[in-house]
Amino acid sequence: MLYLRISRKINPCADAQVYSSVPGVTVPDSLIDDAARRFALLSDPTRLRILAVLLEREPMTVTDLSDALGIATPNVSQHLARLNGARLVGREKQGRSVHYRTTDPSLRPLCELMCHSLVEQAERLRPFQARAG
């Protein structure tokens, strides 16, 4: 079993609390493969950019996302199809348009936790980078 401990953190990226105190989360072995597939899906930078924009401005159409990210519409559509297949985003038809939004409530805190971790790591490494440069 995988045991994760998440403590109270402040998110410098959004200036909001990420988690209240959580005693720990136990992930059964049977879910490890599902977790690996989820992380693999989230390992693509384009999909992360799509999710970041959706978390800020949802709902959005494929064209809106394409324009916001400067990525070709067919490419955005393919990534949205994968995210929709994993039930991380959902789609809703409004007239002739299809609007996408995030559907998994764990995405925002997960992204905030990762952002916080990266900012914290950059701050810890800054003194070493200054000496090397």
# chains A, B, ... in the order shown; residues from 1 in each chain; ligands from 1
$ select_by_dssp --residues "chain A" --states "strand (DSSP E or B)" --output "compact mmCIF listing (two decimals) with N, CA and C atoms, in the first residue's frame"
# COMPACT_ATOMS: atom_id res chain seq x y z
N LEU A 2 0.37 2.28 -0.64
CA LEU A 2 1.05 3.56 -0.69
C LEU A 2 0.41 4.46 0.34
N TYR A 3 1.20 5.05 1.19
CA TYR A 3 0.66 5.92 2.23
C TYR A 3 1.17 7.33 1.99
N LEU A 4 0.25 8.27 1.80
CA LEU A 4 0.60 9.65 1.54
C LEU A 4 0.18 10.50 2.73
N ARG A 5 1.02 11.42 3.13
CA ARG A 5 0.66 12.34 4.20
C ARG A 5 0.68 13.74 3.62
N ILE A 6 -0.45 14.42 3.72
CA ILE A 6 -0.58 15.76 3.19
C ILE A 6 -0.88 16.68 4.36
N LYS A 9 -0.99 23.40 3.72
CA LYS A 9 -0.07 24.13 2.86
C LYS A 9 -0.74 25.42 2.38
N ILE A 10 0.05 26.43 2.14
CA ILE A 10 -0.44 27.65 1.52
C ILE A 10 0.05 27.65 0.09
N ASN A 11 -0.81 28.00 -0.84
CA ASN A 11 -0.47 27.97 -2.26
C ASN A 11 0.00 29.35 -2.71
N ALA A 16 -4.01 30.83 -1.94
CA ALA A 16 -5.14 30.20 -1.24
C ALA A 16 -4.67 28.94 -0.56
N GLN A 17 -5.41 28.51 0.45
CA GLN A 17 -5.06 27.27 1.12
C GLN A 17 -5.38 26.09 0.21
N VAL A 18 -4.45 25.17 0.15
CA VAL A 18 -4.63 23.99 -0.68
C VAL A 18 -5.41 22.93 0.08
N TYR A 19 -4.96 22.58 1.23
CA TYR A 19 -5.58 21.52 2.02
C TYR A 19 -5.67 21.96 3.46
N VAL A 22 -4.98 16.97 6.73
CA VAL A 22 -5.45 15.65 6.30
C VAL A 22 -4.54 14.64 6.97
N PRO A 23 -5.10 13.71 7.75
CA PRO A 23 -4.25 12.78 8.49
C PRO A 23 -3.44 11.87 7.60
N GLY A 24 -3.92 11.52 6.44
CA GLY A 24 -3.21 10.64 5.53
C GLY A 24 -4.20 9.92 4.64
N VAL A 25 -3.74 9.53 3.49
CA VAL A 25 -4.58 8.84 2.53
C VAL A 25 -3.91 7.52 2.21
N THR A 26 -4.65 6.44 2.31
CA THR A 26 -4.11 5.14 1.98
C THR A 26 -4.64 4.73 0.61
N VAL A 27 -3.74 4.39 -0.29
CA VAL A 27 -4.12 3.96 -1.63
C VAL A 27 -3.92 2.46 -1.71
N MET A 60 -15.28 26.51 -21.60
CA MET A 60 -14.68 27.04 -22.83
C MET A 60 -14.91 26.08 -23.98
N VAL A 89 -12.48 16.00 -17.60
CA VAL A 89 -13.28 17.10 -18.14
C VAL A 89 -14.59 16.54 -18.66
N GLY A 90 -15.56 17.41 -18.74
CA GLY A 90 -16.84 17.04 -19.30
C GLY A 90 -17.20 18.02 -20.39
N ARG A 91 -18.15 17.62 -21.22
CA ARG A 91 -18.57 18.47 -22.32
C ARG A 91 -20.08 18.67 -22.25
N GLU A 92 -20.49 19.86 -22.65
CA GLU A 92 -21.90 20.19 -22.63
C GLU A 92 -22.22 20.96 -23.90
N LYS A 93 -23.20 20.48 -24.62
CA LYS A 93 -23.60 21.15 -25.86
C LYS A 93 -24.52 22.31 -25.51
N GLN A 94 -24.18 23.48 -26.04
CA GLN A 94 -24.99 24.68 -25.86
C GLN A 94 -25.25 25.26 -27.25
N SER A 97 -22.51 24.99 -30.09
CA SER A 97 -21.19 24.92 -29.47
C SER A 97 -21.13 23.82 -28.43
N VAL A 98 -19.93 23.30 -28.23
CA VAL A 98 -19.67 22.34 -27.15
C VAL A 98 -18.71 23.03 -26.19
N HIS A 99 -19.12 23.12 -24.94
CA HIS A 99 -18.30 23.75 -23.91
C HIS A 99 -17.71 22.68 -23.00
N TYR A 100 -16.45 22.88 -22.64
CA TYR A 100 -15.73 21.95 -21.77
C TYR A 100 -15.49 22.60 -20.42
N ARG A 101 -15.51 21.75 -19.40
CA ARG A 101 -15.18 22.20 -18.04
C ARG A 101 -14.56 21.02 -17.30
N THR A 102 -13.83 21.32 -16.25
CA THR A 102 -13.26 20.25 -15.43
C THR A 102 -14.40 19.61 -14.64
$ residues_around --residues "Gln78 of chain A" --least-positions-apart "4" --cutoff "12 Å" --atoms "only C-alpha atoms" --output "list in words"
Thr46, Arg47, Ile50, Val62, Ser66, Ile71, Ala72, Thr73, Pro74, Arg82, Leu83, Asn84 and Gly85 of chain A
$ write_last_selection --atoms "C-alpha atoms" --output "PDB file, in the first residue's frame"
ATOM      1  CA  THR A  46      -0.329  20.453 -23.456  1.00  0.00           C
ATOM      2  CA  ARG A  47      -2.969  18.691 -21.366  1.00  0.00           C
ATOM      3  CA  ILE A  50      -5.520  22.991 -21.184  1.00  0.00           C
ATOM      4  CA  VAL A  62     -12.299  24.080 -28.311  1.00  0.00           C
ATOM      5  CA  SER A  66      -7.077  26.914 -29.067  1.00  0.00           C
ATOM      6  CA  ILE A  71      -2.439  25.494 -30.224  1.00  0.00           C
ATOM      7  CA  ALA A  72      -4.151  24.107 -33.319  1.00  0.00           C
ATOM      8  CA  THR A  73      -7.818  23.269 -32.791  1.00  0.00           C
ATOM      9  CA  PRO A  74      -7.482  19.595 -33.864  1.00  0.00           C
ATOM     10  CA  ARG A  82      -8.376  11.935 -23.759  1.00  0.00           C
ATOM     11  CA  LEU A  83      -9.211  14.103 -20.741  1.00  0.00           C
ATOM     12  CA  ASN A  84     -12.924  13.489 -21.308  1.00  0.00           C
ATOM     13  CA  GLY A  85     -12.326   9.743 -21.612  1.00  0.00           C
TER      14      GLY A  85
END
$ closest_residue --among "A:Pro127, A:Gly95, A:Pro45, A:Pro28" --to "Thr61 of chain A" --atoms "only C-alpha atoms"
A:Gly95
$ residues_around --residues "Arg37 of chain A" --least-positions-apart "6" --cutoff "10 Å" --atoms "only C-alpha atoms" --output "PyMOL selection string"
chain A and resi 31+43+86
$ atom_distance --atom1 "atom CA of Arg57 of chain A" --atom2 "atom CA of Arg87 of chain A"
18.6 Å
$ closest_residue --among "A:Asp104, A:Asp67, A:Asp29, A:Glu123" --to "Val53 of chain A" --atoms "only C-alpha atoms"
A:Asp67
$ select_by_dssp --residues "segment 5-131 of chain A" --states "helix (DSSP H, G or I)" --output "JSON, numbers by chain"
{"A": [29, 30, 31, 32, 33, 34, 35, 36, 37, 38, 39, 40, 41, 45, 46, 47, 48, 49, 50, 51, 52, 53, 54, 55, 56, 57, 62, 63, 64, 65, 66, 67, 68, 69, 73, 74, 75, 76, 77, 78, 79, 80, 81, 82, 83, 84, 85, 107, 108, 109, 110, 111, 112, 113, 114, 115, 116, 117, 118, 119, 120, 121, 122, 123, 124, 125, 126, 127, 128, 129, 130, 131]}
